[in-house]
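Input: a single structure, listed below in structure tokens.
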Amino acid sequence: MEGEENLDYSTRYNPKEIEDKITAFWIERGYFFANPNPNKKPFCIVIPPPNITGILHMGHALNNTIQDTLIRSKRMQGYESLWLPGTDHAGIATQNVVEKQLAKEGLRKEDIGREEFTERLWEWTKKYGSTIIEQLKKLGASCDWRRLRFTMDEDYSKAVREVFVRLYNKGLIYRGKYIINWCPRCKTALSDEESIHKEIDGWLYYIRYPIIRAKEVKDLANDYIVVATTRPETMLGDTAIAVNPTDNRYKFLKDVKVILPIMNRELKVIEDELVDKEFGTGVVKVTPAHDPIDFILANKHNLEFINIMNDDGTLNENAGKFKGVDRFQARKEIIEVLEKDSLIEKKEPYWISVGHCYRCNTIVEPRLSLQWFVRMKPLAIPAIKVVEEGKIKFYPQRWEKVYLNWMYNIKDWCISRQIWWGHRLPVYYCKECYQEENSRERSKGVIVSVEEPKYCPDCGSKKILQDSDVLDTWFSSWLWPFATFYWPNPKRDLNYFYPTSVLVTASEILFFWVARMIMAGLEFTGNIPFSNVLIHGTVRDEKGTKMSKSLGNIIDPLEIIDKFGADALRFSLMFLASTGADVYLSDEKFLVGRNFANKIWNATRFIMNKLKDNDIKIEEDKVDITDEIDLWIIDSLNRTIEAVTVSLDSYRISEATKNIYDFFWHNFCDWYIEIAKLYLGSEKLKVLILCLINSLKLLHPFMPFITEKIYQDIKSYVTFLKDESISISLWPKKIVITADSDKFNFVEDLISSIEEIRNIKSDLGISATEKVKIFLNATENIRERFNYHKDWFMRLGGIREIDFVDNLEKVIISKNYFSLNIDFEHFDRDRLVKLLEKKLVNLRTLYEKVFNKLNNKEFLNNAPQEIVEREREKERYLSFQCKRLEKIKDVFK
RNA sequence: GGGCGGUUAGCUCAGUUGGUAUAGAGCGUUUCCCUUACAAGGAAGAGGUCACAGGUUCGAAUCCUGUACCGCCCACCA
């Protein structure tokens with residue numbers, strides 16, 4: 001990379017040819033390797049592992065750019081900066097992908113069996129699993145790629161089993177029959193978080209259940225009780241009806257028999273305060289095996305559980321003649337039958353919130369099923385404490401409340417999945433002595449162990465079967481911050497880098513992942529997994545709709561990289577995404593970054609060409625700066641260094657981009673370079689280089705490619721640059737200058753005078769190219785200082801001639817150090833008077849405001865002295881300005 | 001039902017502890033300029049009763065209360 005000179009520096013920055021070479025250079029040199037180093041402080045981020053099925057989308061681009069920006073800036077600031085990469089096996093998602101592939105061959109996974117299917121999954125993983133990793137490299141991610149981890153790596157899997165065993169032995173993992181969320185398409189249990197509630201358009205059906213009074217048997221059609229339900233098909237599994245104990249309307253039910261239509265089963269009548277008198281008819285049908293509340297009721301009141309459904313959502317033999325019918329078809333048919341028998345009282349349109357599988361969007365079925373659970377409350381308590389005590393901080397802070405709210409109400413976590421891709425439960429059953437039970441106690445013949453047991457500890461049998469379920473993917477993800485460091489094996493890397501510094505993620509996985517990592521970290525390492533959580537927004541399209549493949553509104557980051565370059569993508573994202581806010585994107589939004597890269601490119605081109613043309617080499621970075629203009633730009637640079645550093649430290653990344661953008665474009669390019677053009681000796685070039693190099697360094701975390709490219713190329717002219725790569729160079733420090741504010745203020749006066757002159761010329765219709773004569777009044781001393789700047793002042797102000805005068809009758813521009821006037825002799829006087837009048841109106845309004853304030857005794861009594869003084873100053877200034885404008889107006893009238 | 005946010009220029013958003021002469025930026029827009037680093041550029045403008053109504057305060061975009069609208073999350077909404 002070094003010495004590679006003279007690539008075509010055309011007027012357009014062309015990222016395409018450059019980026020891949022630079023990526024290869026970085027990786028080859030191992031600049032991003034991080035190792036425990038007692039002389040440095042660690043800074044560490046573990047990547048939120050993307051799914052192996054993933055391809056880079058805008059959300060990844062946003063998430064990873066933030067991380068890379070932080071990692072790169074800390075690396076330059078002298079931290080041992082580790083960004084640990086990896087991927088997630090993504091149980092259901094990956095299985096679905098491979099199943100689809102299989103379907104193309106006309107096969108189902110059952111046809112080839114578990115073993116072969118798992119082999120296929122591994123093949124797929126090897127072939128495609130690192131697609132996204134390569135894409136992250138294109139983005140410029142500075143991960144320590146040697147440390148790439150996968151949630152199904154051998155030792156990672158061991159950590160997962162270890163955790164399972166520890167929790168089991170502590171009594172925090174249990175097996176039991178409960179109502180869980182069941183996806184009939186994926187044919188597996190889901191956790192509550194994996195069941196996404198969405199409102200759908202449905203009906204509330206009022207169904208007549210016949211009753212038989214004990215003493216007199218009446219006409220069935222007219223003697224009934226009405227229940228309301230949104231899921232009529234579940235009635236086939238009803239074993240009771242329930243009313244509120246305080247509901248006097250239904251006291252008579254004690255003395256009657258209630259008959260379930262279609263099944264003609266007698267139902268129990270129970271009373272429970274869970275029943276809402278106001279809803280529907282106040283009578284609720286109870287289906288213990290298919291509804292979570294009914295399940296609770298059934299346990300309280302000893303009801304029978306009747307499972308009417310198969311794992312694919314069709315009804316089973318308990319559904320009588322509806323056996324084999326799909327649940328939604330059954331709903332229709334049941335309604336038809338009931339209508340025929342006049343058992344539907346009415347139906348009302350009803351918005352119902354139902355769970356959807358987060359992987360395939362199928363409507364989730366509540367189903368009674370034997371599953372494994374983690375008791376969460378004991379894990380949550382310390383995890384609540386660390387956040388309440390501020391040991392873990394959220395950015396933006398409001399997420400803390402969301403986190404705590406969820407943690408206070410945490411429920412047990414269903415962790416077993418009936419799929420084949422994932423970590424198999426480290427649970428074994430003895431074929432001889434195990435009997436299925438529904439108990440929180442350990443049952444006989446159940447062995448929970450990290451390694452496969454050789455024989456049953458209860459009966460000694462060698463016939464052992466492993467549980468066929470696998471664990472929820474998040475049961476491995478929650479160990480990510482320490483399992484990636486080979487926990488539980490004692491490793492110095494874990495000691496050094498853990499707790500990690502900050503976790504960067506989207507709000508969507510706050511509960512899935514962030515909260516659980518905090519719990520796991522505290523439980524298994526005794527320490528928090530990270531001290532800061534940075535939560536960024538969601539990427540949306542221009543209209544604010546979430547980007548998704550199915551909606552076809554995605555903007556492919558790889559396409560943006562191809563069109564505008566990775567730097568443009570990165571900078572634009574960081575520029576647009578203020579902390580925590582959603583980002584609305586369209587192709588044009590990336591022009592900010594593209595244009596800025598081009599600006600940097602051209603400013604560099606200018607400076608480099610001047611060095612080349614004059615055959616100048618900059619050999620040292622020490623410059624004795626005395627020129628007022630140089631002091632001014634260096635001071636501005638210093639303030640930018642400070643601002644960018646502070647913004648990054650407080651995770652206001654967007655603000656940091658604005659700090660450097662503003663300095664580079666406006667202060668440096670618009671003013672300093674323009675001024676310097678007149679004085680391009682080695683002194684000015686040194687200052688130009690100083691500003692450029694420091695800007696490049698400040699920009700490097702956001703735009704790593706262009707800054708590296710320029711850094712390498714400029715070395716041949718700037719020989720004090722010793723670092724092999726800008727990515728391992730030192731973060732800018734303020735440049736020590738000796739100057740008081742007098743010098744900066746004087747320059748500010750010059751600059752703002754030019755702005756006013758331009759402004760007035762424009763208002764008077766004087767062309768910008770037409771040069772004017774000005775009169776200037778200043779003390780002898782100031783006049784001398786002014787003369788020093790005369791050349792650039794005249795050039796940028798469009799001034800032909802300056803007359804120094806002792807007395808200015810017609811002052812139009814008044815500054816602290818001098819006042820000046822434009823020679824208006826040849827210009828339109830009416831327009832000038834109008835302009836002056838406009839200005840006067842503004843000034844008078846302001847003056848009045850200040851005047852009123854200063855005549856308010858309360859203000860004088862209560863406001864701090866400095867504020868009052870400031871207002872007094874304002875008043876003096878404004879009254880002076882008003883007077884002088886009036887005077888000049890009179891002169892021209 | 002519970003919780004958390006938001007409402008500032010045509011659009012997307014900043015605005016940190018209430019006070020710095022006229023509330024900022026990017027995009028868009030109007031006028032002028034191809035002034036040899038950059039037209040992917042430069043110069044100058046227009047555009048805001050800071051959602052509404054009260055309150056606290058010498059002083060409110062900023063703090064408090066209420067209203068309207070929009071959004072997100074959670075929930076045992078049969």
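As shown in the structure tokens, the chain order sets the letters A, B, ...; within each chain, residues go from 1, and ligands are also counted from 1 in the order they appear.
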Just need the residues of chain A within 7 Å of chain B, counting only C-alpha atoms (C1' of nucleotides), so spit them out as a CSV table (one decimal) with N, CA, C and O atoms, in the first residue's frame.
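The resulting file, selection_14.csv, is reproduced below:
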```csv
chain,number,residue,atom,x,y,z
A,11,THR,N,-11.3,14.9,-10.4
A,11,THR,CA,-12.1,15.8,-9.6
A,11,THR,C,-13.3,15.1,-8.9
A,11,THR,O,-14.0,15.6,-8.0
A,228,ALA,N,-69.8,-16.1,24.7
A,228,ALA,CA,-69.2,-15.4,23.6
A,228,ALA,C,-67.7,-15.9,23.4
A,228,ALA,O,-67.0,-16.1,24.4
A,229,THR,N,-67.4,-16.1,22.2
A,229,THR,CA,-66.0,-16.6,21.9
A,229,THR,C,-65.5,-16.1,20.5
A,229,THR,O,-66.3,-15.8,19.6
A,284,VAL,N,-68.3,-17.5,30.4
A,284,VAL,CA,-67.2,-17.8,29.5
A,284,VAL,C,-67.0,-19.3,29.4
A,284,VAL,O,-67.3,-20.1,30.4
A,292,PRO,N,-54.7,-20.0,27.8
A,292,PRO,CA,-54.0,-19.8,29.1
A,292,PRO,C,-54.8,-19.5,30.3
A,292,PRO,O,-54.5,-20.0,31.4
A,293,ILE,N,-55.9,-18.7,30.1
A,293,ILE,CA,-56.7,-18.4,31.3
A,293,ILE,C,-57.5,-19.6,31.7
A,293,ILE,O,-57.6,-19.9,32.9
A,402,VAL,N,-38.4,1.0,30.0
A,402,VAL,CA,-39.0,-0.1,29.3
A,402,VAL,C,-38.4,-1.4,29.8
A,402,VAL,O,-39.1,-2.4,30.0
A,595,ASN,N,-21.3,13.5,-1.3
A,595,ASN,CA,-20.8,14.8,-1.5
A,595,ASN,C,-19.7,15.2,-0.6
A,595,ASN,O,-18.7,15.9,-1.0
A,598,ASN,N,-16.5,13.7,-1.5
A,598,ASN,CA,-15.9,14.4,-2.7
A,598,ASN,C,-15.3,15.7,-2.3
A,598,ASN,O,-14.2,16.1,-2.8
A,599,LYS,N,-15.9,16.3,-1.3
A,599,LYS,CA,-15.3,17.6,-0.8
A,599,LYS,C,-13.9,17.3,-0.2
A,599,LYS,O,-12.9,18.0,-0.4
A,602,ASN,N,-11.4,16.6,-2.9
A,602,ASN,CA,-10.9,17.8,-3.7
A,602,ASN,C,-10.0,18.7,-2.8
A,602,ASN,O,-9.1,19.3,-3.4
A,603,ALA,N,-10.4,18.9,-1.6
A,603,ALA,CA,-9.5,19.7,-0.7
A,603,ALA,C,-8.2,19.1,-0.6
A,603,ALA,O,-7.1,19.8,-0.7
A,605,ARG,N,-6.8,17.1,-2.9
A,605,ARG,CA,-6.2,17.3,-4.2
A,605,ARG,C,-5.5,18.6,-4.3
A,605,ARG,O,-4.4,18.7,-4.8
A,606,PHE,N,-6.2,19.6,-3.9
A,606,PHE,CA,-5.7,21.0,-3.9
A,606,PHE,C,-4.4,21.1,-3.1
A,606,PHE,O,-3.3,21.5,-3.6
A,759,ASN,N,-23.6,40.7,1.6
A,759,ASN,CA,-25.0,40.8,1.8
A,759,ASN,C,-25.6,42.1,1.3
A,759,ASN,O,-26.6,42.1,0.6
A,762,SER,N,-25.5,42.3,-2.5
A,762,SER,CA,-26.6,41.5,-3.0
A,762,SER,C,-28.0,42.2,-2.9
A,762,SER,O,-28.7,42.3,-3.8
A,858,GLU,N,-38.2,43.5,38.2
A,858,GLU,CA,-38.1,42.1,38.6
A,858,GLU,C,-36.9,41.4,38.0
A,858,GLU,O,-36.1,40.6,38.6
A,859,PHE,N,-36.7,41.8,36.7
A,859,PHE,CA,-35.6,41.2,36.0
A,859,PHE,C,-34.3,41.7,36.6
A,859,PHE,O,-33.4,40.8,36.9
A,862,ASN,N,-33.8,39.8,40.0
A,862,ASN,CA,-33.7,38.4,40.1
A,862,ASN,C,-32.7,37.7,39.1
A,862,ASN,O,-32.2,36.7,39.5
A,863,ALA,N,-32.5,38.3,38.0
A,863,ALA,CA,-31.6,37.7,37.1
A,863,ALA,C,-30.1,37.8,37.5
A,863,ALA,O,-29.8,38.8,38.2
A,867,ILE,N,-26.1,38.1,33.4
A,867,ILE,CA,-27.2,38.2,32.4
A,867,ILE,C,-27.6,39.7,32.2
A,867,ILE,O,-27.8,40.2,31.1
A,874,LYS,N,-26.1,44.7,25.2
A,874,LYS,CA,-27.0,44.7,24.0
A,874,LYS,C,-27.6,46.0,23.7
A,874,LYS,O,-27.7,46.5,22.6
```
Query raised in the report: Using the chain letters and numbers from this document, which residues of stretch 8-190 of chain A does DSSP assign to strand (DSSP E), as number ranges by chain?
Result: A: 42-46, 80-84, 86-87, 149-150, 173-183, 188-190
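Of note, atom CA of A:Gly324 and atom CA of A:Met309 are spaced 9.0 Å apart.
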